[in-house]
$ cat protein38.txt   # compact mmCIF, C-alpha atoms and all ligand atoms
# COMPACT_ATOMS: atom_id res chain seq x y z
CA MET Y 1 181.65 109.76 135.01
CA SER Y 2 178.07 109.03 135.87
CA LEU Y 3 176.63 107.22 138.86
CA TRP Y 4 175.78 103.56 138.37
CA ALA Y 5 172.11 104.37 138.98
CA ASP Y 6 172.18 106.53 135.83
CA LYS Y 7 174.71 104.53 133.85
CA TYR Y 8 172.73 101.28 134.11
CA ARG Y 9 169.23 102.70 133.73
CA PRO Y 10 167.72 100.64 130.88
CA ASN Y 11 166.83 102.97 128.00
CA SER Y 12 164.35 100.75 126.20
CA LEU Y 13 161.32 98.71 127.21
CA GLN Y 14 162.96 95.62 125.74
CA LYS Y 15 165.83 95.97 128.21
CA VAL Y 16 164.00 96.45 131.53
CA ASP Y 17 164.98 93.68 133.94
CA TYR Y 18 161.80 93.26 135.96
CA HIS Y 19 158.02 93.68 135.50
CA GLN Y 20 158.73 92.46 131.98
CA ASP Y 21 155.11 91.53 131.28
CA GLN Y 22 154.14 95.10 131.96
CA ALA Y 23 156.90 96.35 129.65
CA GLN Y 24 155.51 94.09 126.91
CA HIS Y 25 152.04 95.59 127.44
CA LEU Y 26 153.52 99.06 127.05
CA ILE Y 27 155.25 98.02 123.82
CA ASN Y 28 151.93 96.67 122.50
CA LEU Y 29 150.24 99.89 123.48
CA VAL Y 30 152.74 101.98 121.52
CA ASN Y 31 152.61 99.64 118.53
CA GLN Y 32 148.90 100.23 118.22
CA GLY Y 33 149.80 103.71 117.04
CA ASP Y 34 147.89 105.75 119.56
CA PHE Y 35 147.32 105.69 123.28
CA PRO Y 36 145.26 107.42 125.97
CA HIS Y 37 146.59 109.70 128.68
CA LEU Y 38 148.60 107.60 131.13
CA LEU Y 39 149.04 107.71 134.88
CA PHE Y 40 152.12 105.90 136.22
CA TYR Y 41 152.14 105.39 139.95
CA GLY Y 42 154.18 103.51 142.50
CA PRO Y 43 156.66 104.05 145.35
CA ASN Y 44 159.96 105.91 145.06
CA GLY Y 45 162.66 104.13 143.14
CA ALA Y 46 160.27 101.55 141.71
CA GLY Y 47 161.18 102.42 138.12
CA LYS Y 48 158.33 104.70 136.97
CA LYS Y 49 160.51 107.31 135.28
CA THR Y 50 162.64 104.63 133.64
CA ARG Y 51 159.55 103.08 132.08
CA ILE Y 52 158.15 106.43 130.98
CA LEU Y 53 161.42 107.42 129.26
CA ALA Y 54 161.66 103.99 127.63
CA LEU Y 55 158.07 104.36 126.44
CA LEU Y 56 158.87 107.73 124.88
CA ARG Y 57 161.85 106.19 123.12
CA GLN Y 58 159.63 103.42 121.80
CA LEU Y 59 157.25 106.08 120.53
CA TYR Y 60 159.63 108.56 118.94
CA GLY Y 61 163.01 106.82 118.65
CA PRO Y 62 166.39 107.92 120.08
CA GLY Y 63 165.71 111.58 119.19
CA VAL Y 64 163.72 111.80 122.40
CA GLU Y 65 166.97 111.48 124.37
CA ARG Y 66 168.35 114.75 122.98
CA LEU Y 67 167.23 116.87 125.87
CA ARG Y 68 167.48 120.57 126.59
CA THR Y 69 166.52 122.43 129.71
CA GLU Y 70 164.40 125.52 129.27
CA HIS Y 71 162.94 128.09 131.59
CA MET Y 72 159.31 128.97 131.03
CA ASN Y 73 157.86 132.23 132.30
CA PHE Y 74 154.43 132.57 133.82
CA MET Y 75 152.42 135.41 135.36
CA THR Y 76 150.60 135.30 138.69
CA PRO Y 77 147.11 136.90 138.88
CA SER Y 78 148.79 139.96 140.46
CA ASN Y 79 151.11 140.27 137.45
CA LYS Y 80 154.25 138.96 139.11
CA LYS Y 81 156.56 136.94 136.89
CA PHE Y 82 157.76 133.50 137.92
CA GLU Y 83 159.85 130.87 136.22
CA ILE Y 84 159.65 127.08 136.00
CA MET Y 85 162.36 124.80 134.69
CA THR Y 86 161.40 122.26 132.05
CA VAL Y 87 163.25 119.46 130.29
CA ALA Y 88 162.27 118.95 126.67
CA SER Y 89 163.09 117.11 123.46
CA ASN Y 90 161.53 117.79 120.06
CA TYR Y 91 158.75 115.40 120.98
CA HIS Y 92 157.97 115.87 124.62
CA ILE Y 93 158.28 118.22 127.57
CA GLU Y 94 158.69 117.32 131.23
CA VAL Y 95 157.54 119.60 134.02
CA ASN Y 96 157.07 119.39 137.75
CA ALA Y 97 154.24 121.89 138.15
CA SER Y 98 154.18 121.49 141.92
CA ASP Y 99 157.48 123.46 141.94
CA ALA Y 100 155.26 126.52 141.42
CA GLY Y 101 153.59 125.97 144.83
CA MET Y 102 150.28 127.78 145.03
CA TYR Y 103 150.57 128.87 141.39
CA ASP Y 104 150.66 125.31 140.06
CA ARG Y 105 147.23 125.77 138.43
CA ILE Y 106 148.60 128.52 136.19
CA VAL Y 107 151.53 126.33 135.12
CA VAL Y 108 149.30 123.38 134.29
CA MET Y 109 146.87 125.45 132.22
CA GLU Y 110 149.35 127.68 130.41
CA LEU Y 111 151.86 124.95 129.73
CA ILE Y 112 149.43 122.53 128.13
CA LYS Y 113 147.87 125.32 126.10
CA THR Y 114 151.22 126.65 124.87
CA VAL Y 115 152.66 123.24 124.09
CA ALA Y 116 149.55 122.04 122.31
CA GLN Y 117 149.37 125.15 120.17
CA THR Y 118 153.00 125.89 119.39
CA HIS Y 119 155.21 122.85 119.82
CA GLN Y 120 156.28 121.77 116.32
CA LEU Y 121 156.66 118.10 115.54
CA ASP Y 122 159.04 116.51 113.10
CA SER Y 123 156.67 115.96 110.17
CA THR Y 124 158.55 112.86 108.99
CA LYS Y 125 157.59 111.05 112.19
CA GLN Y 126 154.29 109.22 112.20
CA ARG Y 127 153.02 110.51 115.56
CA HIS Y 128 150.53 113.31 115.37
CA PHE Y 129 150.69 114.13 119.05
CA LYS Y 130 153.25 115.45 121.53
CA VAL Y 131 153.68 114.19 125.06
CA ILE Y 132 153.54 116.32 128.16
CA LEU Y 133 155.06 114.56 131.14
CA LEU Y 134 153.89 115.91 134.47
CA THR Y 135 155.78 114.55 137.48
CA GLU Y 136 154.63 114.51 141.12
CA VAL Y 137 150.99 115.11 140.15
CA ASP Y 138 149.93 113.86 143.58
CA ARG Y 139 151.53 117.00 145.02
CA LEU Y 140 149.44 119.35 142.87
CA THR Y 141 146.72 121.36 144.59
CA LYS Y 142 143.13 120.30 143.96
CA GLU Y 143 142.60 123.47 141.87
CA ALA Y 144 145.52 122.54 139.62
CA GLN Y 145 144.20 119.01 139.29
CA GLN Y 146 140.76 120.33 138.32
CA ALA Y 147 142.39 122.59 135.73
CA LEU Y 148 144.43 119.66 134.45
CA ARG Y 149 141.29 117.59 134.04
CA ARG Y 150 139.61 120.28 131.94
CA THR Y 151 142.69 121.04 129.85
CA MET Y 152 143.51 117.41 129.12
CA GLU Y 153 140.13 116.93 127.49
CA LYS Y 154 140.40 120.04 125.42
CA TYR Y 155 143.78 119.30 123.82
CA MET Y 156 143.44 115.57 123.33
CA ALA Y 157 143.76 116.02 119.55
CA THR Y 158 147.31 117.39 119.72
CA CYS Y 159 148.85 116.05 122.89
CA ARG Y 160 148.93 113.10 125.25
CA ILE Y 161 149.64 113.59 128.91
CA ILE Y 162 151.69 111.18 130.97
CA LEU Y 163 151.32 111.68 134.70
CA CYS Y 164 153.67 110.32 137.32
CA ALA Y 165 152.80 110.00 141.00
CA ASN Y 166 153.72 108.15 144.17
CA SER Y 167 150.27 107.85 145.61
CA ILE Y 168 147.19 107.51 143.44
CA GLY Y 169 145.05 108.37 146.48
CA GLN Y 170 146.15 111.99 146.12
CA VAL Y 171 145.00 112.24 142.51
CA ILE Y 172 141.37 113.33 142.05
CA PRO Y 173 139.00 110.65 140.69
CA ALA Y 174 138.16 112.82 137.66
CA ILE Y 175 141.78 112.60 136.48
CA ARG Y 176 142.13 108.93 137.34
CA SER Y 177 139.09 108.07 135.25
CA ARG Y 178 140.51 109.90 132.23
CA CYS Y 179 143.81 108.03 132.24
CA LEU Y 180 144.99 104.51 131.81
CA ALA Y 181 146.60 103.76 135.17
CA VAL Y 182 149.90 101.89 135.14
CA ARG Y 183 150.99 100.64 138.56
CA VAL Y 184 154.72 100.13 138.97
CA PRO Y 185 155.19 98.10 142.15
CA ALA Y 186 158.50 98.19 144.03
CA PRO Y 187 160.90 95.50 142.81
CA THR Y 188 161.12 92.36 144.95
CA HIS Y 189 164.29 91.54 146.91
CA GLU Y 190 165.00 88.92 144.28
CA ASP Y 191 164.75 91.52 141.47
CA ILE Y 192 166.99 93.93 143.37
CA CYS Y 193 169.67 91.28 144.07
CA LYS Y 194 169.62 90.25 140.41
CA ILE Y 195 170.11 93.84 139.22
CA LEU Y 196 172.90 94.50 141.74
CA LYS Y 197 174.69 91.36 140.60
CA THR Y 198 174.28 92.30 136.92
CA ILE Y 199 175.74 95.76 137.56
CA CYS Y 200 178.72 94.25 139.39
CA LYS Y 201 179.27 91.81 136.55
CA LYS Y 202 179.30 94.66 134.03
CA GLU Y 203 181.79 96.53 136.23
CA GLY Y 204 183.97 93.39 136.48
CA LEU Y 205 183.33 93.02 140.23
CA THR Y 206 182.25 90.03 142.32
CA LEU Y 207 179.34 90.61 144.66
CA PRO Y 208 178.60 87.89 147.26
CA ASP Y 209 174.91 86.87 147.35
CA GLU Y 210 174.72 87.60 151.09
CA LEU Y 211 175.88 91.20 150.66
CA ALA Y 212 173.43 91.76 147.80
CA LEU Y 213 170.65 90.59 150.11
CA ILE Y 214 171.81 92.84 152.98
CA ILE Y 215 171.78 95.87 150.66
CA SER Y 216 168.35 94.91 149.35
CA GLN Y 217 166.98 94.57 152.88
CA ASN Y 218 168.29 98.03 153.78
CA CYS Y 219 167.01 99.98 150.79
CA GLU Y 220 163.24 99.94 151.49
CA ARG Y 221 162.87 98.24 148.08
CA ASN Y 222 163.94 101.49 146.43
CA LEU Y 223 166.10 100.41 143.51
CA ARG Y 224 167.87 103.75 143.15
CA ARG Y 225 168.87 103.64 146.79
CA ALA Y 226 170.07 100.03 146.45
CA ILE Y 227 172.31 100.93 143.49
CA LEU Y 228 173.67 104.00 145.30
CA MET Y 229 174.38 101.90 148.40
CA LEU Y 230 176.16 99.32 146.28
CA GLU Y 231 178.36 101.97 144.69
CA ALA Y 232 179.13 103.58 148.05
CA SER Y 233 180.00 100.16 149.54
CA LYS Y 234 182.37 99.52 146.65
CA VAL Y 235 184.14 102.84 147.28
CA LYS Y 236 184.43 101.99 150.98
CA GLN Y 237 185.77 98.48 150.58
CA TYR Y 238 186.64 96.22 147.70
CA PRO Y 239 186.95 93.18 147.44
CA PHE Y 240 183.56 92.97 149.09
CA ASP Y 241 183.25 91.17 152.38
CA VAL Y 242 180.01 89.60 153.55
CA LYS Y 243 180.60 91.14 156.99
CA GLN Y 244 181.20 94.68 155.76
CA SER Y 245 178.66 97.22 156.91
CA VAL Y 246 176.59 98.73 154.11
CA VAL Y 247 176.86 102.48 153.70
CA VAL Y 248 173.74 104.21 155.00
CA PRO Y 249 173.08 107.75 153.66
CA ASP Y 250 174.00 110.65 155.99
CA TRP Y 251 170.47 111.98 156.16
CA GLN Y 252 169.23 108.62 157.39
CA LEU Y 253 171.82 108.66 160.19
CA TYR Y 254 170.78 112.22 160.98
CA ILE Y 255 167.14 111.14 161.33
CA GLY Y 256 168.36 108.42 163.70
CA ASP Y 257 170.09 111.13 165.79
CA THR Y 258 166.93 113.23 165.75
CA ALA Y 259 164.95 110.26 167.07
CA LYS Y 260 167.55 109.79 169.83
CA GLN Y 261 167.12 113.44 170.84
CA ILE Y 262 163.35 113.03 171.04
CA LEU Y 263 163.70 109.95 173.23
CA SER Y 264 166.35 111.50 175.47
CA GLN Y 265 164.20 114.31 176.90
CA GLN Y 266 160.63 115.51 176.43
CA THR Y 267 160.68 119.25 177.14
CA PRO Y 268 159.81 122.43 175.19
CA GLY Y 269 163.55 123.16 174.94
CA LYS Y 270 164.21 119.76 173.37
CA LEU Y 271 161.28 120.25 171.00
CA LEU Y 272 162.91 123.46 169.82
CA GLU Y 273 166.20 121.66 169.29
CA VAL Y 274 164.48 118.86 167.36
CA ARG Y 275 162.69 121.47 165.28
CA SER Y 276 165.97 122.91 164.03
CA MET Y 277 167.19 119.38 163.22
CA LEU Y 278 164.05 118.80 161.17
CA TYR Y 279 164.61 122.10 159.36
CA GLU Y 280 168.16 121.02 158.62
CA LEU Y 281 166.82 117.93 156.87
CA ILE Y 282 164.24 119.92 154.94
CA VAL Y 283 166.75 122.49 153.67
CA HIS Y 284 168.91 119.64 152.45
CA GLY Y 285 166.03 118.53 150.23
CA ILE Y 286 164.82 115.47 152.14
CA PRO Y 287 161.07 115.23 151.45
CA THR Y 288 158.91 115.55 154.56
CA ASN Y 289 157.10 112.27 153.95
CA VAL Y 290 160.47 110.50 153.90
CA ILE Y 291 161.55 112.25 157.13
CA PHE Y 292 158.26 111.26 158.71
CA LYS Y 293 158.52 107.62 157.67
CA PHE Y 294 162.09 107.14 158.91
CA LEU Y 295 161.54 109.10 162.09
CA LEU Y 296 158.53 106.97 162.97
CA LYS Y 297 160.48 103.80 162.25
CA GLU Y 298 163.31 104.87 164.56
CA LEU Y 299 160.96 105.97 167.34
CA VAL Y 300 158.82 102.84 167.24
CA LYS Y 301 161.96 100.69 167.31
CA ASN Y 302 162.81 102.17 170.69
CA CYS Y 303 159.35 102.10 172.26
CA ASP Y 304 157.74 99.59 174.54
CA ILE Y 305 155.27 97.28 172.78
CA SER Y 306 152.31 98.69 174.77
CA LEU Y 307 153.08 102.17 173.44
CA LYS Y 308 153.53 101.20 169.81
CA HIS Y 309 149.82 101.05 169.05
CA ASP Y 310 149.21 104.63 170.28
CA ILE Y 311 152.26 105.94 168.42
CA VAL Y 312 151.18 104.40 165.15
CA GLU Y 313 147.70 105.83 165.65
CA ILE Y 314 148.94 109.40 166.12
CA ALA Y 315 151.41 108.91 163.27
CA SER Y 316 148.65 107.96 160.84
CA PHE Y 317 146.71 111.05 161.90
CA TYR Y 318 149.65 113.41 161.33
CA GLU Y 319 150.77 111.68 158.16
CA HIS Y 320 147.31 112.31 156.75
CA SER Y 321 147.35 115.98 157.75
CA LEU Y 322 150.88 116.26 156.33
CA LEU Y 323 149.57 115.13 152.96
CA LYS Y 324 146.62 117.49 153.05
CA GLY Y 325 148.23 120.57 154.51
CA ASN Y 326 150.67 123.07 153.06
CA LYS Y 327 153.04 123.95 155.89
CA THR Y 328 154.53 120.52 156.31
CA MET Y 329 156.79 121.57 159.19
CA PHE Y 330 153.76 122.25 161.42
CA HIS Y 331 152.54 118.68 161.09
CA LEU Y 332 155.96 117.16 161.64
CA GLU Y 333 156.46 119.26 164.74
CA ALA Y 334 152.95 118.53 166.03
CA PHE Y 335 153.68 114.82 165.68
CA VAL Y 336 156.92 115.15 167.64
CA ALA Y 337 155.16 117.14 170.40
CA LYS Y 338 152.39 114.57 170.67
CA PHE Y 339 154.91 111.75 170.71
CA MET Y 340 156.85 113.47 173.50
CA LEU Y 341 153.65 113.78 175.53
CA LEU Y 342 152.72 110.11 175.14
CA TYR Y 343 156.25 108.94 175.77
CA SER Y 344 156.84 111.02 178.91
CA LYS Y 345 153.45 109.93 180.32
CA PHE Y 346 154.35 106.34 179.70
CA MET Y 347 157.76 106.72 181.36
CA GLU Y 348 156.19 108.43 184.35
CA GLU Y 349 153.58 105.70 184.78
CA SER Y 350 156.13 102.93 184.52
CA LEU Y 351 158.36 104.65 187.10
CA ASN Y 352 155.39 105.05 189.46
CA GLY Y 353 154.71 101.34 189.03
CA ILE Y 354 158.26 100.49 190.11
CA PHE Y 355 158.36 102.66 193.24
N1 LIG H 1 164.18 97.65 134.88
C1 LIG H 1 165.25 98.16 135.49
N2 LIG H 1 166.42 97.50 135.47
C2 LIG H 1 167.50 97.99 136.07
N3 LIG H 1 167.52 99.15 136.74
C3 LIG H 1 166.40 99.85 136.78
C4 LIG H 1 165.19 99.41 136.17
N4 LIG H 1 164.24 100.32 136.39
C5 LIG H 1 164.81 101.28 137.13
N5 LIG H 1 166.11 101.02 137.34
C6 LIG H 1 167.04 101.83 138.14
O1 LIG H 1 166.36 102.26 139.30
C7 LIG H 1 166.55 103.65 139.50
C8 LIG H 1 165.23 104.25 139.92
O2 LIG H 1 164.31 104.20 138.86
P1 LIG H 1 163.34 105.40 138.49
O3 LIG H 1 164.03 106.72 138.56
O4 LIG H 1 162.68 105.02 137.21
O5 LIG H 1 162.29 105.27 139.67
P2 LIG H 1 161.02 106.16 139.99
O6 LIG H 1 159.94 105.19 140.35
O7 LIG H 1 160.70 107.12 138.90
O8 LIG H 1 161.53 106.89 141.30
P3 LIG H 1 161.10 108.30 141.97
O9 LIG H 1 159.62 108.25 142.20
O10 LIG H 1 161.89 108.27 143.25
O11 LIG H 1 161.55 109.37 141.04
C9 LIG H 1 167.07 104.22 138.20
O12 LIG H 1 168.17 105.05 138.50
C10 LIG H 1 167.53 103.03 137.40
O13 LIG H 1 168.94 102.98 137.39
$ encode --input "protein38.txt" --output "structure tokens" --more "lines below"
Ligand SMILES: Nc1ncnc2c1ncn2[C@@H]1O[C@H](COP(=O)(O)OP(=O)(O)OP(=O)(O)O)[C@@H](O)[C@H]1O
Amino acid sequence: MSLWADKYRPNSLQKVDYHQDQAQHLINLVNQGDFPHLLFYGPNGAGKKTRILALLRQLYGPGVERLRTEHMNFMTPSNKKFEIMTVASNYHIEVNASDAGMYDRIVVMELIKTVAQTHQLDSTKQRHFKVILLTEVDRLTKEAQQALRRTMEKYMATCRIILCANSIGQVIPAIRSRCLAVRVPAPTHEDICKILKTICKKEGLTLPDELALIISQNCERNLRRAILMLEASKVKQYPFDVKQSVVVPDWQLYIGDTAKQILSQQTPGKLLEVRSMLYELIVHGIPTNVIFKFLLKELVKNCDISLKHDIVEIASFYEHSLLKGNKTMFHLEAFVAKFMLLYSKFMEESLNGIF
């Protein structure tokens, strides 16, 4: 039994329920017979991957859905072996090269070279190129992005590259200018409510409009999260009640607790405690940028208005260094330490004002 988020993922461009004009443009692009390298970008859960998979299906037919996972071996410059997992059909291969960390450049170069030279196509199909789908390109090091830029030019005759990213700002201009950029904006609340209602209809359930809107307002316009919240709310209570509380993911509650700890005391001991809570989130696979965003939201919610400006200023500084740096934990921790300093100073000053 699959999750609703997977079960109701539209598998063709004709079936996508929002940004339909864009889907039509993609269909036209495929129908022209050939297309340039593409760069899909947009926030989490906006529907990038769904559109890419639907585009591949439009290109190659249902055969592209017969997937197999494969491990590919690579060598570091010091002759150490490492492995990367790939998902492939007969027509395309999907890789997250940033999984290789500092060796991502090797993966990008070797993979494209190997696929372009050896991947056999079904000769009865009209396409003369294969597709390499690289996810999270904005997390690749600059060296890997430079290598990607060079390699994508070289193998244009035999493969097309589809890139997927959250933030286009992290992709070097030389790559951006070699791709057709496709922005996938987050769905509107109206789109989300419509999709939630359609899913419920297909499941034979009745979803009150008010509850659909509450879920939509709590999902940060991330459609995957909205569908997961809907399914969790159904498990918790059905028939739905407008007053029922929507199920918030555990990690989000845990970030709320972390924020409470930060606000409760600003000492080196507390910083150490908060550090282990942050590690706990990281080892459970919550991306640092997500931790940062939710933590900031919780902290700002509980701060005096006069402090908010300073907090947002330091947050933008550390968010930037988080994106640029490697050891993400350092930047998260530095932000917490700086917040503690500002917050305790503020509390001290306001107490002095009272007495
Ligand atoms: N047009 C659509 N209609 C209905 N549901 C959709 C549509 N597009 C996406 N979804 C649903 O939204 C979920 C998230 O979509 P998808 O995985 O494509 O987002 P994404 O932008 O690639 O996210 P991420 O960057 O987090 O990987 C999917 O599980 C799918 O069920």
$ residues_around --input "protein38.txt" --residues "Asp209 in chain Y" --least-positions-apart "6" --cutoff "10 Å" --atoms "all atoms listed in the file" --output "ChimeraX atom specification"
/Y:193-194,196-197,242
$ closest_residue --input "protein38.txt" --among "Y:Leu163, Y:Leu299, Y:Val137, Y:Cys200" --to "Phe339 in chain Y" --atoms "all atoms listed in the file"
Y:Leu299
$ residues_near_ligand --input "protein38.txt" --ligand "ligand LIG 1 (chain H)" --cutoff "6 Å" --atoms "all atoms listed in the file" --output "list in words"
Ala5, Asp6, Tyr8, Arg9, Pro10, Val16, Asp17, Tyr18, Asn44, Gly45, Ala46, Gly47, Lys48, Lys49, Thr50, Ile195, Leu223 and Arg224 of chain Y
$ residues_around --input "protein38.txt" --residues "Gly101 in chain Y" --least-positions-apart "2" --cutoff "10 Å" --atoms "all atoms listed in the file" --output "list in words"
Ala97, Ser98, Asp99, Tyr103, Asp104, Arg105, Val107, Arg139, Leu140, Thr141 and Asn326 of chain Y
$ residues_around --input "protein38.txt" --residues "range 171-176 of chain Y" --least-positions-apart "5" --cutoff "8 Å" --atoms "all atoms listed in the file" --output "PyMOL selection string"
chain Y and resi 39+137-138+142+145-146+148-149+181
$ residues_near_point --input "protein38.txt" --point "(152.9, 98.2, 121.6)" --cutoff "12 Å" --atoms "all atoms listed in the file" --output "list in words"
Leu13, Gln14, Asp21, Gln22, Ala23, Gln24, His25, Leu26, Ile27, Asn28, Leu29, Val30, Asn31, Gln32, Gly33, Asp34, Phe35, Leu55, Leu56, Gln58 and Leu59 of chain Y
$ build_atoms --input "protein38.txt" --residues "range 308-319 of chain Y" --atoms "N, CA and C atoms" --output "mmCIF file, keeping the file's coordinate frame"
data_model
loop_
_atom_site.group_PDB
_atom_site.id
_atom_site.type_symbol
_atom_site.label_atom_id
_atom_site.label_comp_id
_atom_site.auth_asym_id
_atom_site.auth_seq_id
_atom_site.Cartn_x
_atom_site.Cartn_y
_atom_site.Cartn_z
ATOM 1 N N LYS Y 308 153.434 101.179 171.276
ATOM 2 C CA LYS Y 308 153.530 101.200 169.810
ATOM 3 C C LYS Y 308 152.192 101.491 169.129
ATOM 4 N N HIS Y 309 151.133 100.887 169.667
ATOM 5 C CA HIS Y 309 149.820 101.050 169.050
ATOM 6 C C HIS Y 309 149.414 102.530 169.020
ATOM 7 N N ASP Y 310 149.575 103.202 170.195
ATOM 8 C CA ASP Y 310 149.210 104.630 170.280
ATOM 9 C C ASP Y 310 150.065 105.485 169.345
ATOM 10 N N ILE Y 311 151.344 105.141 169.263
ATOM 11 C CA ILE Y 311 152.260 105.940 168.420
ATOM 12 C C ILE Y 311 151.857 105.810 166.949
ATOM 13 N N VAL Y 312 151.556 104.593 166.561
ATOM 14 C CA VAL Y 312 151.180 104.400 165.150
ATOM 15 C C VAL Y 312 149.866 105.129 164.865
ATOM 16 N N GLU Y 313 148.979 105.150 165.850
ATOM 17 C CA GLU Y 313 147.700 105.830 165.650
ATOM 18 C C GLU Y 313 147.916 107.335 165.443
ATOM 19 N N ILE Y 314 148.726 107.958 166.317
ATOM 20 C CA ILE Y 314 148.940 109.400 166.120
ATOM 21 C C ILE Y 314 149.720 109.659 164.825
ATOM 22 N N ALA Y 315 150.621 108.720 164.504
ATOM 23 C CA ALA Y 315 151.410 108.910 163.270
ATOM 24 C C ALA Y 315 150.509 108.907 162.046
ATOM 25 N N SER Y 316 149.509 108.000 162.029
ATOM 26 C CA SER Y 316 148.650 107.960 160.840
ATOM 27 C C SER Y 316 147.835 109.245 160.747
ATOM 28 N N PHE Y 317 147.455 109.784 161.907
ATOM 29 C CA PHE Y 317 146.710 111.050 161.900
ATOM 30 C C PHE Y 317 147.569 112.181 161.298
ATOM 31 N N TYR Y 318 148.812 112.295 161.797
ATOM 32 C CA TYR Y 318 149.650 113.410 161.330
ATOM 33 C C TYR Y 318 150.179 113.190 159.908
ATOM 34 N N GLU Y 319 150.327 111.952 159.525
ATOM 35 C CA GLU Y 319 150.770 111.680 158.160
ATOM 36 C C GLU Y 319 149.676 112.137 157.180
#
